[in-house]
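Asks: Hey, dropping my_file09.txt in here, compact mmCIF, C-alpha atoms:
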```txt
# COMPACT_ATOMS: atom_id res chain seq x y z
CA MET A 1 118.91 70.58 54.79
CA SER A 2 121.62 69.48 57.17
CA SER A 3 122.61 72.20 59.63
CA ASN A 4 126.19 70.90 59.79
CA SER A 5 127.14 70.61 56.15
CA GLY A 6 124.71 73.02 54.47
CA LEU A 7 124.15 70.38 51.75
CA THR A 8 120.84 69.26 50.35
CA SER A 9 120.07 65.56 50.10
CA SER A 10 120.66 65.84 46.33
CA ASP A 11 124.09 67.40 46.95
CA SER A 12 124.98 64.68 49.41
CA ALA A 13 123.90 61.95 47.00
CA ARG A 14 125.83 63.55 44.14
CA LEU A 15 129.05 63.87 46.19
CA HIS A 16 128.70 60.33 47.49
CA LEU A 17 128.26 59.11 43.90
CA ALA A 18 131.44 60.96 42.83
CA ALA A 19 133.34 59.45 45.77
CA GLN A 20 132.20 55.95 44.84
CA LEU A 21 133.31 56.45 41.22
CA ARG A 22 136.69 57.76 42.38
CA GLU A 23 137.16 54.62 44.48
CA ARG A 24 136.57 52.57 41.33
CA ILE A 25 138.66 54.69 39.00
CA ALA A 26 141.29 51.94 38.57
CA ASP A 27 138.52 49.53 37.47
CA LEU A 28 137.27 52.17 35.02
CA GLU A 29 140.76 52.61 33.57
CA ALA A 30 141.16 48.87 33.09
CA ALA A 31 137.73 48.57 31.44
CA ILE A 32 138.52 51.36 28.97
CA ILE A 33 141.92 49.85 28.05
CA GLN A 34 140.22 46.47 27.58
CA ARG A 35 137.60 48.03 25.26
CA LEU A 36 140.28 49.80 23.22
CA ALA A 37 142.15 46.50 22.93
CA ALA A 38 138.97 44.79 21.72
CA HIS A 39 138.77 47.41 18.96
CA GLY A 40 142.41 46.81 18.01
CA ASP A 41 143.41 50.29 19.21
CA VAL A 42 146.01 49.48 21.84
CA SER A 43 148.83 48.71 19.39
CA SER A 44 148.35 52.09 17.70
CA LEU A 45 148.47 53.80 21.09
CA SER A 46 152.09 52.72 21.53
CA SER A 47 153.10 55.44 19.05
CA GLU A 48 151.38 58.06 21.21
CA GLY A 49 153.41 57.76 24.38
CA GLY A 50 152.81 54.05 25.10
CA LEU A 51 150.32 52.55 27.53
CA PRO A 52 151.71 54.31 30.61
CA GLY A 53 151.12 57.63 28.88
CA ILE A 54 147.65 56.58 27.73
CA ASN A 55 146.77 55.45 31.25
CA LYS A 56 147.66 58.95 32.42
CA VAL A 57 145.40 60.49 29.77
CA ILE A 58 142.52 58.16 30.67
CA ARG A 59 142.96 58.90 34.38
CA SER A 60 142.85 62.67 33.79
CA ALA A 61 139.75 62.34 31.58
CA LEU A 62 138.03 60.24 34.24
CA GLU A 63 138.95 62.77 36.91
CA TYR A 64 137.40 65.45 34.72
CA GLY A 65 134.21 63.40 34.42
CA ILE A 66 134.05 62.82 38.18
CA ALA A 67 134.68 66.52 38.81
CA SER A 68 131.68 67.31 36.58
CA ILE A 69 129.58 65.30 39.01
CA GLU A 70 131.08 67.08 42.03
CA PHE A 71 131.12 70.64 40.70
CA GLY A 72 128.76 70.57 37.72
CA GLU A 73 129.42 72.86 34.76
CA ARG A 74 132.07 74.82 36.65
CA THR A 75 134.37 71.98 35.51
CA MET A 76 133.96 73.12 31.90
CA SER A 77 136.45 75.95 32.31
CA SER A 78 139.41 73.62 32.90
CA PRO A 79 139.73 70.66 30.47
CA PRO A 80 142.63 68.35 31.41
CA THR A 81 146.06 69.34 30.09
CA GLU A 82 146.96 65.68 29.49
CA VAL A 83 143.99 65.31 27.14
CA LEU A 84 144.99 68.40 25.15
CA VAL A 85 148.58 67.15 24.87
CA HIS A 86 147.29 63.78 23.72
CA ALA A 87 145.21 65.45 20.99
CA ARG A 88 148.33 67.25 19.75
CA GLU A 89 150.35 64.02 19.82
CA ALA A 90 147.63 62.28 17.82
CA ALA A 91 147.85 65.02 15.19
CA TRP A 92 151.65 64.63 15.04
CA GLY A 93 151.22 60.87 14.63
CA SER A 94 148.58 61.32 11.88
CA VAL A 95 145.95 59.47 13.93
CA PRO A 96 142.58 60.36 12.31
CA VAL A 97 140.59 62.77 14.44
CA GLN A 98 137.55 60.46 14.06
CA THR A 99 139.54 57.67 15.72
CA LEU A 100 140.47 60.00 18.57
CA VAL A 101 136.87 61.10 19.15
CA LEU A 102 135.59 57.51 19.03
CA ARG A 103 138.07 56.55 21.77
CA TYR A 104 136.72 59.22 24.09
CA PHE A 105 133.12 58.41 23.22
CA SER A 106 133.75 54.75 23.98
CA GLY A 107 135.36 55.70 27.28
CA TYR A 108 132.48 58.00 28.19
CA CYS A 109 129.94 55.25 27.49
CA LEU A 110 131.77 53.03 29.99
CA PHE A 111 131.94 55.91 32.46
CA LYS A 112 128.17 56.43 32.25
CA ASP A 113 127.59 52.69 32.60
CA PHE A 114 129.57 52.70 35.87
CA LEU A 115 127.72 55.87 36.89
CA PHE A 116 124.27 54.32 36.39
CA ARG A 117 125.26 51.17 38.27
CA GLU A 118 126.53 53.17 41.24
CA ALA A 119 123.42 55.36 41.14
CA GLU A 120 121.21 52.28 41.10
CA SER A 121 123.01 50.84 44.11
CA GLN A 122 122.14 54.08 45.96
CA GLY A 123 118.54 54.02 44.78
CA LEU A 124 119.01 57.16 42.66
CA GLU A 125 117.96 55.78 39.29
CA THR A 126 114.67 57.71 39.34
CA HIS A 127 115.75 60.51 41.63
CA LEU A 128 116.00 64.13 40.48
CA ALA A 129 119.64 64.08 41.63
CA LEU A 130 120.51 61.63 38.84
CA ARG A 131 119.22 64.02 36.21
CA GLN A 132 121.16 66.82 37.89
CA VAL A 133 124.31 64.70 37.58
CA ILE A 134 123.88 63.46 34.02
CA GLY A 135 123.08 66.86 32.47
CA PRO A 136 126.31 68.64 33.49
CA ALA A 137 128.38 65.51 32.82
CA ASP A 138 127.03 65.30 29.26
CA ARG A 139 127.70 68.98 28.64
CA CYS A 140 131.22 68.68 30.01
CA PHE A 141 131.84 65.72 27.72
CA GLU A 142 130.53 67.67 24.71
CA LEU A 143 132.87 70.52 25.57
CA LEU A 144 135.76 68.12 25.99
CA ILE A 145 135.15 66.62 22.54
CA GLN A 146 134.97 70.11 21.03
CA VAL A 147 138.21 71.18 22.70
CA ILE A 148 139.94 67.95 21.62
CA GLY A 149 138.81 68.51 18.02
CA ASP A 150 139.93 72.15 18.03
CA GLU A 151 143.30 71.28 19.55
CA TYR A 152 143.81 68.46 17.06
CA GLN A 153 142.96 70.58 14.02
CA GLN A 154 145.11 73.49 15.16
CA GLU A 155 148.09 71.20 15.73
CA ALA A 156 147.48 69.37 12.44
CA ARG A 157 147.61 72.68 10.58
CA LYS A 158 150.82 73.65 12.37
CA TRP A 159 152.34 70.25 11.68
CA LYS A 160 151.38 70.41 8.00
CA ARG A 161 152.90 73.89 7.68
CA SER A 162 156.05 72.70 9.43
CA ARG A 163 156.26 69.54 7.30
CA ASP A 164 155.60 71.46 4.08
CA SER A 165 158.18 74.06 5.08
CA ARG A 166 160.81 71.37 5.66
CA LYS A 167 159.91 69.76 2.33
CA LEU A 168 160.19 73.09 0.51
CA ASP A 169 163.56 73.84 2.12
CA ARG A 170 164.84 70.43 1.07
CA ILE A 171 163.64 70.79 -2.51
CA LYS A 172 165.16 74.26 -2.78
CA ALA A 173 168.45 72.80 -1.55
CA LEU A 174 168.26 70.03 -4.17
CA LEU A 175 167.52 72.59 -6.87
CA ALA A 176 170.55 74.57 -5.70
CA GLY A 177 172.86 71.56 -6.04
CA ASP A 178 172.45 69.27 -3.03
CA ILE A 179 172.40 65.49 -3.50
CA PRO A 180 169.22 63.70 -2.34
CA GLU A 181 169.40 61.11 0.40
CA ALA A 182 167.80 57.71 -0.24
CA ASN A 183 163.99 57.89 -0.28
CA GLU A 184 163.93 61.16 1.66
CA LEU A 185 161.06 62.53 -0.46
CA GLY A 186 159.58 59.23 -1.63
CA TYR A 187 160.54 60.09 -5.20
CA VAL A 188 163.00 58.38 -7.56
CA PHE A 189 165.49 60.86 -9.01
CA ASP A 190 167.16 58.28 -11.26
CA ALA A 191 164.37 58.60 -13.84
CA SER A 192 163.14 60.83 -16.63
CA HIS A 193 161.44 63.92 -15.20
CA ILE A 194 158.78 66.36 -16.38
CA GLY A 195 158.75 69.63 -14.46
CA ILE A 196 155.40 71.36 -13.94
CA VAL A 197 154.60 74.72 -12.39
CA GLY A 198 150.90 75.37 -11.89
CA VAL A 199 148.78 78.24 -10.63
CA GLY A 200 145.37 77.63 -9.10
CA SER A 201 143.87 75.92 -6.08
CA ASN A 202 143.67 72.19 -5.38
CA LEU A 203 145.84 71.04 -8.28
CA LEU A 204 146.93 67.83 -6.55
CA PRO A 205 144.09 65.60 -7.90
CA LEU A 206 144.82 66.81 -11.44
CA LEU A 207 148.56 66.20 -11.03
CA LYS A 208 147.92 62.72 -9.64
CA GLU A 209 145.80 61.89 -12.68
CA MET A 210 148.52 63.23 -15.00
CA ALA A 211 151.13 61.05 -13.27
CA ARG A 212 148.81 58.04 -13.45
CA SER A 213 148.30 58.54 -17.19
CA LEU A 214 152.08 58.25 -17.67
CA SER A 215 152.48 55.42 -15.14
CA GLY A 216 154.82 57.77 -13.30
CA SER A 217 155.53 58.88 -9.73
CA LEU A 218 154.62 62.36 -8.49
CA LEU A 219 156.48 64.86 -6.32
CA ALA A 220 154.47 68.01 -5.56
CA LEU A 221 154.45 70.88 -3.09
CA ASN A 222 153.16 74.45 -2.70
CA PRO A 223 155.88 77.12 -2.42
CA LEU A 224 153.06 79.69 -2.41
CA PRO A 225 149.38 79.22 -1.48
CA ASP A 226 148.22 79.43 -5.11
CA GLN A 227 151.30 77.97 -6.84
CA THR A 228 152.36 74.34 -7.19
CA TRP A 229 155.72 72.87 -8.13
CA ALA A 230 155.53 69.30 -9.38
CA TRP A 231 157.60 66.64 -11.08
CA ILE A 232 156.43 63.46 -12.77
CA GLY A 233 159.10 60.77 -12.90
CA THR A 234 158.85 58.06 -15.57
CA ARG A 235 161.06 55.13 -16.57
CA THR A 236 161.31 56.36 -20.14
CA PRO A 237 160.62 59.83 -21.58
CA PRO A 238 157.04 60.18 -22.84
CA SER A 239 156.44 60.78 -26.53
CA ALA A 240 155.64 64.24 -27.81
CA PHE A 241 152.05 63.06 -28.37
CA ASP A 242 151.71 61.79 -24.77
CA LEU A 243 153.17 65.03 -23.47
CA ARG A 244 150.70 67.13 -25.46
CA ALA A 245 147.79 65.01 -24.24
CA LEU A 246 148.99 65.15 -20.64
CA VAL A 247 146.68 67.97 -19.52
CA PRO A 248 142.91 67.52 -19.97
CA GLU A 249 141.14 70.07 -22.15
CA ASP A 250 138.44 70.93 -19.61
CA LEU A 251 140.67 72.77 -17.15
CA PRO A 252 138.97 75.21 -14.75
CA ASP A 253 139.33 78.83 -15.84
CA SER A 254 141.41 79.62 -12.75
CA VAL A 255 144.09 77.00 -13.56
CA ARG A 256 147.28 77.80 -15.49
CA MET A 257 150.14 75.40 -16.05
CA ALA A 258 153.65 75.46 -17.57
CA ILE A 259 155.34 72.17 -18.47
CA GLY A 260 159.05 71.58 -19.01
CA SER A 261 160.56 69.07 -21.43
CA PRO A 262 161.43 65.53 -20.25
CA ALA A 263 164.99 65.34 -18.92
CA PRO A 264 166.95 62.52 -17.20
CA ARG A 265 168.25 62.07 -13.66
CA LEU A 266 168.88 64.78 -11.07
CA PRO A 267 170.37 67.40 -13.47
CA GLY A 268 167.33 66.90 -15.69
CA TRP A 269 165.02 67.21 -12.68
CA ARG A 270 166.48 70.66 -12.03
CA HIS A 271 166.52 71.65 -15.72
CA THR A 272 162.91 70.78 -16.54
CA HIS A 273 161.77 72.73 -13.47
CA ARG A 274 163.64 75.83 -14.62
CA GLN A 275 162.03 75.47 -18.04
CA ALA A 276 158.56 75.37 -16.49
CA LEU A 277 159.33 78.45 -14.37
CA LEU A 278 160.50 80.33 -17.46
CA ALA A 279 157.37 79.40 -19.41
CA LEU A 280 154.93 80.24 -16.60
CA PRO A 281 154.52 83.97 -17.46
CA LEU A 282 153.25 82.95 -20.90
CA THR A 283 150.27 81.20 -19.30
CA ASN A 284 148.90 84.67 -18.53
CA VAL A 285 148.42 85.19 -22.25
CA ARG A 286 144.88 84.80 -23.45
CA GLU A 287 144.01 81.30 -24.75
CA ARG A 288 147.28 79.89 -23.36
CA PRO A 289 146.32 78.38 -19.97
CA VAL A 290 148.76 75.50 -20.60
CA VAL A 291 152.19 76.16 -22.09
CA HIS A 292 154.88 73.64 -23.02
CA TYR A 293 158.36 75.11 -22.78
CA SER A 294 159.43 73.39 -26.01
CA ALA A 295 156.84 75.45 -27.91
CA VAL A 296 157.79 78.81 -26.39
CA ALA A 297 161.47 78.45 -25.55
CA LEU A 298 162.64 81.60 -27.38
CA LEU A 299 159.71 83.66 -26.12
CA ALA A 300 160.25 82.52 -22.55
CA SER A 301 163.96 83.32 -22.69
CA ALA A 302 163.36 86.69 -24.35
CA LEU A 303 161.06 87.74 -21.51
CA ARG A 304 163.88 87.18 -19.02
CA ASP A 305 166.57 88.91 -21.08
CA ASP A 306 167.07 92.50 -19.95
CA VAL A 307 169.08 93.26 -23.10
CA LEU A 308 167.16 91.38 -25.78
CA LEU A 309 163.66 92.56 -24.89
CA PRO A 310 164.30 96.31 -25.04
CA SER A 311 166.55 95.78 -28.09
CA LEU A 312 163.73 94.07 -30.01
CA THR A 313 161.39 96.89 -29.05
CA LEU A 314 163.82 99.62 -30.04
CA GLU A 315 165.09 98.10 -33.30
CA TYR A 316 161.90 96.55 -34.70
CA LEU A 317 158.64 97.36 -32.96
CA LYS A 318 159.08 101.11 -32.49
CA PRO A 319 159.97 101.72 -36.16
CA LEU A 320 157.02 99.58 -37.30
CA ARG A 321 154.62 101.40 -35.01
CA ALA A 322 155.65 104.66 -36.69
CA GLY A 323 153.93 103.57 -39.89
CA ARG A 324 150.41 104.51 -40.94
CA ASP A 325 147.66 103.06 -38.65
CA GLY A 326 150.30 102.48 -36.00
CA GLY A 327 152.00 99.96 -38.22
CA LEU A 328 149.22 97.38 -37.82
CA THR A 329 148.95 96.69 -41.57
CA LEU A 330 152.70 96.25 -41.93
CA ARG A 331 152.92 93.94 -38.90
CA ASN A 332 150.06 91.77 -40.18
CA THR A 333 151.69 91.61 -43.62
CA LEU A 334 154.95 90.45 -42.05
CA ARG A 335 153.17 87.74 -40.06
CA ALA A 336 151.47 86.45 -43.22
CA TYR A 337 154.77 86.57 -45.10
CA PHE A 338 156.64 84.62 -42.43
CA SER A 339 153.74 82.17 -42.07
CA ALA A 340 153.97 81.53 -45.83
CA SER A 341 157.70 80.76 -45.50
CA GLY A 342 158.64 83.92 -47.38
CA ASN A 343 156.40 83.28 -50.39
CA VAL A 344 154.90 86.61 -51.52
CA SER A 345 152.07 85.05 -53.55
CA SER A 346 150.95 82.85 -50.64
CA ALA A 347 151.11 85.80 -48.25
CA ALA A 348 148.97 87.84 -50.64
CA ALA A 349 146.42 85.02 -50.77
CA LEU A 350 146.33 84.86 -46.96
CA LEU A 351 145.74 88.62 -46.75
CA GLY A 352 143.34 88.79 -49.70
CA VAL A 353 145.37 91.44 -51.55
CA LYS A 354 147.39 91.69 -54.76
CA ARG A 355 150.92 90.31 -54.92
CA HIS A 356 152.43 93.72 -55.65
CA THR A 357 150.67 95.12 -52.55
CA VAL A 358 152.58 92.70 -50.36
CA THR A 359 155.83 93.54 -52.17
CA ASN A 360 155.29 97.27 -51.62
CA ARG A 361 154.51 96.76 -47.93
CA LEU A 362 157.64 94.66 -47.43
CA ARG A 363 159.69 97.35 -49.09
CA SER A 364 158.15 99.90 -46.69
CA VAL A 365 159.16 97.69 -43.76
CA GLU A 366 162.77 97.57 -44.99
CA ASP A 367 162.77 101.35 -45.34
CA LEU A 368 161.50 101.81 -41.76
CA LEU A 369 163.99 99.30 -40.33
CA GLY A 370 166.86 100.50 -42.50
CA ARG A 371 167.92 96.95 -43.42
CA PRO A 372 166.87 94.05 -45.68
CA LEU A 373 164.45 91.52 -44.20
CA SER A 374 166.87 88.72 -45.04
CA THR A 375 169.32 90.07 -42.43
CA CYS A 376 166.90 90.18 -39.47
CA GLN A 377 164.09 87.74 -40.14
CA ARG A 378 164.40 85.64 -36.94
CA GLN A 379 164.71 88.69 -34.67
CA LEU A 380 161.75 90.32 -36.38
CA GLU A 381 159.65 87.17 -36.06
CA LEU A 382 160.41 87.03 -32.33
CA ALA A 383 159.56 90.71 -31.87
CA LEU A 384 156.25 90.20 -33.68
CA GLU A 385 155.42 87.17 -31.52
CA LEU A 386 156.01 89.21 -28.37
CA ASP A 387 153.99 92.08 -29.79
CA ALA A 388 151.08 89.78 -30.72
CA LEU A 389 150.98 88.35 -27.22
CA SER A 390 150.81 91.85 -25.69
CA ILE A 391 153.20 90.78 -22.93
CA ILE A 392 155.91 93.41 -23.33
CA PRO A 393 155.85 95.33 -20.04
CA SER A 394 155.54 99.11 -20.23
CA GLN A 395 158.95 99.55 -18.57
CA VAL A 396 160.52 97.80 -21.59
CA ASP A 397 159.29 100.59 -23.85
CA GLU A 398 160.78 103.09 -21.40
CA ARG A 399 164.14 101.29 -21.39
CA ALA A 400 164.06 101.24 -25.20
CA ASN A 401 164.12 105.05 -25.24
CA PHE A 402 167.65 105.12 -23.78
```
Would you put the structure from the file into structure tokens?
Replies:
Amino acid sequence: MSSNSGLTSSDSARLHLAAQLRERIADLEAAIIQRLAAHGDVSSLSSEGGLPGINKVIRSALEYGIASIEFGERTMSSPPTEVLVHAREAAWGSVPVQTLVLRYFSGYCLFKDFLFREAESQGLETHLALRQVIGPADRCFELLIQVIGDEYQQEARKWKRSRDSRKLDRIKALLAGDIPEANELGYVFDASHIGIVGVGSNLLPLLKEMARSLSGSLLALNPLPDQTWAWIGTRTPPSAFDLRALVPEDLPDSVRMAIGSPAPRLPGWRHTHRQALLALPLTNVRERPVVHYSAVALLASALRDDVLLPSLTLEYLKPLRAGRDGGLTLRNTLRAYFSASGNVSSAAALLGVKRHTVTNRLRSVEDLLGRPLSTCQRQLELALELDALSIIPSQVDERANF
């Protein structure tokens, strides 16, 4: 050990090696840029601050590598700021993280090549000092790659949230009456639109397949983590058959979907979306994971009507429930009667009873309601549909007490 410096021969060799690499740092930079150019990467770097900015990133990464030789693993506590900023910029520019990591790996391979050549020139290729240099340098590089990956992913998540938030704000503005700017969402509004509101995770592949089946374009976003708003734009409105076949039968149990009717241009884009929103609560009903608004329009509107819903409960369902067995027999008789288009004989056949039994039950219904069936058939049918679906909230019954 030297009495003047307090350094071992290994320390002296290691510091001399770091000094030699620092003297050649400009050559290292040039070699890395040349390798990136050979891989066709330099042109893409121009969107990430240009070559002057990339040179700065490469210089800071090289300084970090040289510091790992000088100070060993103490370097690990301070990864270069320029490298972290570059990782964030790559995420903003949608550069794949694999591409980013490959760049640094390529650069580190060149760095180690220079390192071995300098070590060989000093006669260190078999010396213990070389192993003492390479070990910390490798661990510092591994840490650097991990930090770059973490920084990239964190920024990518923030950027996606920010981008999705801006997209949601814009779509809400369009739904509220704004006029779209040309190609701002990559979707053609001068088309026929089908509005879709879905519940469940990872619906995008399914929606893409639905759009493909109609040869249409897709606009989709998530206003909530488990809810998706989507529109499929087509040149001509799909047929009723195509619309019914739009959703595959083997949907996952967790998926529910409401579909609006085809409607043209921007007003139609808004209208079909509102239809899908109105129909969505009906997807909670058993055996109705997919609901088309056209099939449930009255039901969907009734659920949103603060006057109609309690009125139907008060005027029709409460009187019927007052009958024997809670009115179940009378309600089933009415459903059979309406299903048979008002034909008593057909209703009796459906129920497996005598014709006069149906007639007597219908008369009992009129007595409970205090009016002829002919004066309230549509309202009664709607009330029975709501009752059968078991979707009348408990607060509706409370409001119906007045």
Asks: Pull the closest atom pair for each residue of region 215-237 of chain A that gets at most 10 Å from region 164-180 of chain A, along with the distance in Å to one decimal, counting all atoms listed in the file, ordering rows by chain and then ascending residue number, as a Markdown table.
Replies:
```
| residue | atom | partner | partner_atom | distance |
| --- | --- | --- | --- | --- |
| A:Ala220 | CA | A:Lys167 | CA | 9.7 |
| A:Leu221 | CA | A:Leu168 | CA | 7.1 |
| A:Asn222 | CA | A:Asp164 | CA | 7.8 |
| A:Pro223 | CA | A:Leu168 | CA | 6.6 |
| A:Trp229 | CA | A:Leu168 | CA | 9.7 |
```
Asks: Using all atoms listed in the file, which protein or nucleic acid residues come within 9 Å of region 351-361 of chain A? Drop anything in the same chain fewer than 2 positions from it, and give the result as a PyMOL selection string.
Replies: chain A and resi 329-330+332-334+336-337+344-349+363-366
Asks: Contacts of region 267-279 of chain A at 8 Å or less, counting only C-alpha atoms, minus same-chain residues fewer than 5 places along, as number ranges by chain?
Replies: A: 175, 189, 192-197, 231, 258-262, 291-293, 296-297, 300-301, 304
Asks: Could you check which of A:Ala18, A:Leu110, A:Val247, A:Ala90 is closest to Ala30 (chain A), using only C-alpha atoms?
Replies: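 Among A:Ala18, A:Leu110, A:Val247, A:Ala90, it is A:Leu110 that comes nearest to Ala30 (chain A).
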Asks: Considering only C-alpha atoms, return as a list in words whatever protein or nucleic-acid residues lie within 9 Å of Leu115 (chain A), sequence-local ones (same chain, fewer than 2 positions apart) excluded.
Replies: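 Contacts, with the query itself left out: Leu17, Ala18, Leu21, Leu110, Phe111, Lys112, Asp113, Arg117, Glu118, Ala119, Glu120 and Ile134 of chain A.
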Asks: Distance CA of Leu386 (chain A)-CA of Pro225 (chain A), one decimal place?
Replies: 29.4 Å
Asks: Residues within 12 Å of (153.8, 86.0, -32.9), file coordinates, counting only C-alpha atoms: what are they? Give the list as a list in words.
Replies: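 It turns out the residues near that spot are Val285, Val296, Leu298, Leu299, Arg331, Asn332, Leu334, Arg335, Ala336, Phe338, Ser339, Arg378, Gln379, Leu380, Glu381, Leu382, Ala383, Leu384, Glu385, Leu386, Asp387, Ala388, Leu389, Ser390 and Ile391 of chain A.
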Asks: Please list as a list in words every residue within 10 Å of region 102-108 of chain A, counting all atoms listed in the file and excluding residues in the same chain fewer than 4 positions away.
Replies: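 Skipping anything fewer than 4 positions along the chain leaves Leu28, Glu29, Ala31, Ile32, Ile33, Arg35, Leu36, His39, Asp41, Ile58, Ala61, Leu62, Gly65, Val83, Val97, Gln98, Lys112, Asp113, Phe114, Ala137, Asp138, Phe141, Glu142, Leu144, Ile145 and Ile148 of chain A.
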Asks: With C-alpha atoms retained, export the selected residues as a PDB file, in the coordinates of the input.
Replies:
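Printed below is part-v8.pdb as written:
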```pdb
ATOM      1  CA  LEU A  28     137.270  52.170  35.020  1.00  0.00           C
ATOM      2  CA  GLU A  29     140.760  52.610  33.570  1.00  0.00           C
ATOM      3  CA  ALA A  31     137.730  48.570  31.440  1.00  0.00           C
ATOM      4  CA  ILE A  32     138.520  51.360  28.970  1.00  0.00           C
ATOM      5  CA  ILE A  33     141.920  49.850  28.050  1.00  0.00           C
ATOM      6  CA  ARG A  35     137.600  48.030  25.260  1.00  0.00           C
ATOM      7  CA  LEU A  36     140.280  49.800  23.220  1.00  0.00           C
ATOM      8  CA  HIS A  39     138.770  47.410  18.960  1.00  0.00           C
ATOM      9  CA  ASP A  41     143.410  50.290  19.210  1.00  0.00           C
ATOM     10  CA  ILE A  58     142.520  58.160  30.670  1.00  0.00           C
ATOM     11  CA  ALA A  61     139.750  62.340  31.580  1.00  0.00           C
ATOM     12  CA  LEU A  62     138.030  60.240  34.240  1.00  0.00           C
ATOM     13  CA  GLY A  65     134.210  63.400  34.420  1.00  0.00           C
ATOM     14  CA  VAL A  83     143.990  65.310  27.140  1.00  0.00           C
ATOM     15  CA  VAL A  97     140.590  62.770  14.440  1.00  0.00           C
ATOM     16  CA  GLN A  98     137.550  60.460  14.060  1.00  0.00           C
ATOM     17  CA  LYS A 112     128.170  56.430  32.250  1.00  0.00           C
ATOM     18  CA  ASP A 113     127.590  52.690  32.600  1.00  0.00           C
ATOM     19  CA  PHE A 114     129.570  52.700  35.870  1.00  0.00           C
ATOM     20  CA  ALA A 137     128.380  65.510  32.820  1.00  0.00           C
ATOM     21  CA  ASP A 138     127.030  65.300  29.260  1.00  0.00           C
ATOM     22  CA  PHE A 141     131.840  65.720  27.720  1.00  0.00           C
ATOM     23  CA  GLU A 142     130.530  67.670  24.710  1.00  0.00           C
ATOM     24  CA  LEU A 144     135.760  68.120  25.990  1.00  0.00           C
ATOM     25  CA  ILE A 145     135.150  66.620  22.540  1.00  0.00           C
ATOM     26  CA  ILE A 148     139.940  67.950  21.620  1.00  0.00           C
TER      27      ILE A 148
END
```
Asks: Interatomic distance between CA of Thr228 (chain A) and CA of Gly198 (chain A)?
Replies: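 If I compute the distance from CA of Thr228 (chain A) to CA of Gly198 (chain A), I get 5.0 Å.
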Asks: With the cut-off set at 8 Å and counting only C-alpha atoms, tabulate each residue of region 151-189 of chain A with an atom at most that distance from an atom of region 211-219 of chain A, showing the nearest atom pair and its distance in Å to one decimal, ordered by chain and increasing number, as a Markdown table.
Replies:
```
| residue | atom | partner | partner_atom | distance |
| --- | --- | --- | --- | --- |
| A:Leu185 | CA | A:Leu219 | CA | 7.8 |
| A:Gly186 | CA | A:Leu219 | CA | 8.0 |
| A:Tyr187 | CA | A:Leu219 | CA | 6.4 |
| A:Val188 | CA | A:Ser217 | CA | 7.8 |
```
Asks: Measuring between all atoms listed in the file, which one of A:Cys140, A:Leu204, A:Ala87, A:Leu369 shows the shortest distance to Leu314 (chain A)?
Replies: A:Leu369
Asks: Report, in Å to a single decimal, how far apart CA of Ser60 (chain A) and CA of His86 (chain A) are.
Replies: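 Pair CA of His86 (chain A) / CA of Ser60 (chain A) returns 11.1 Å.
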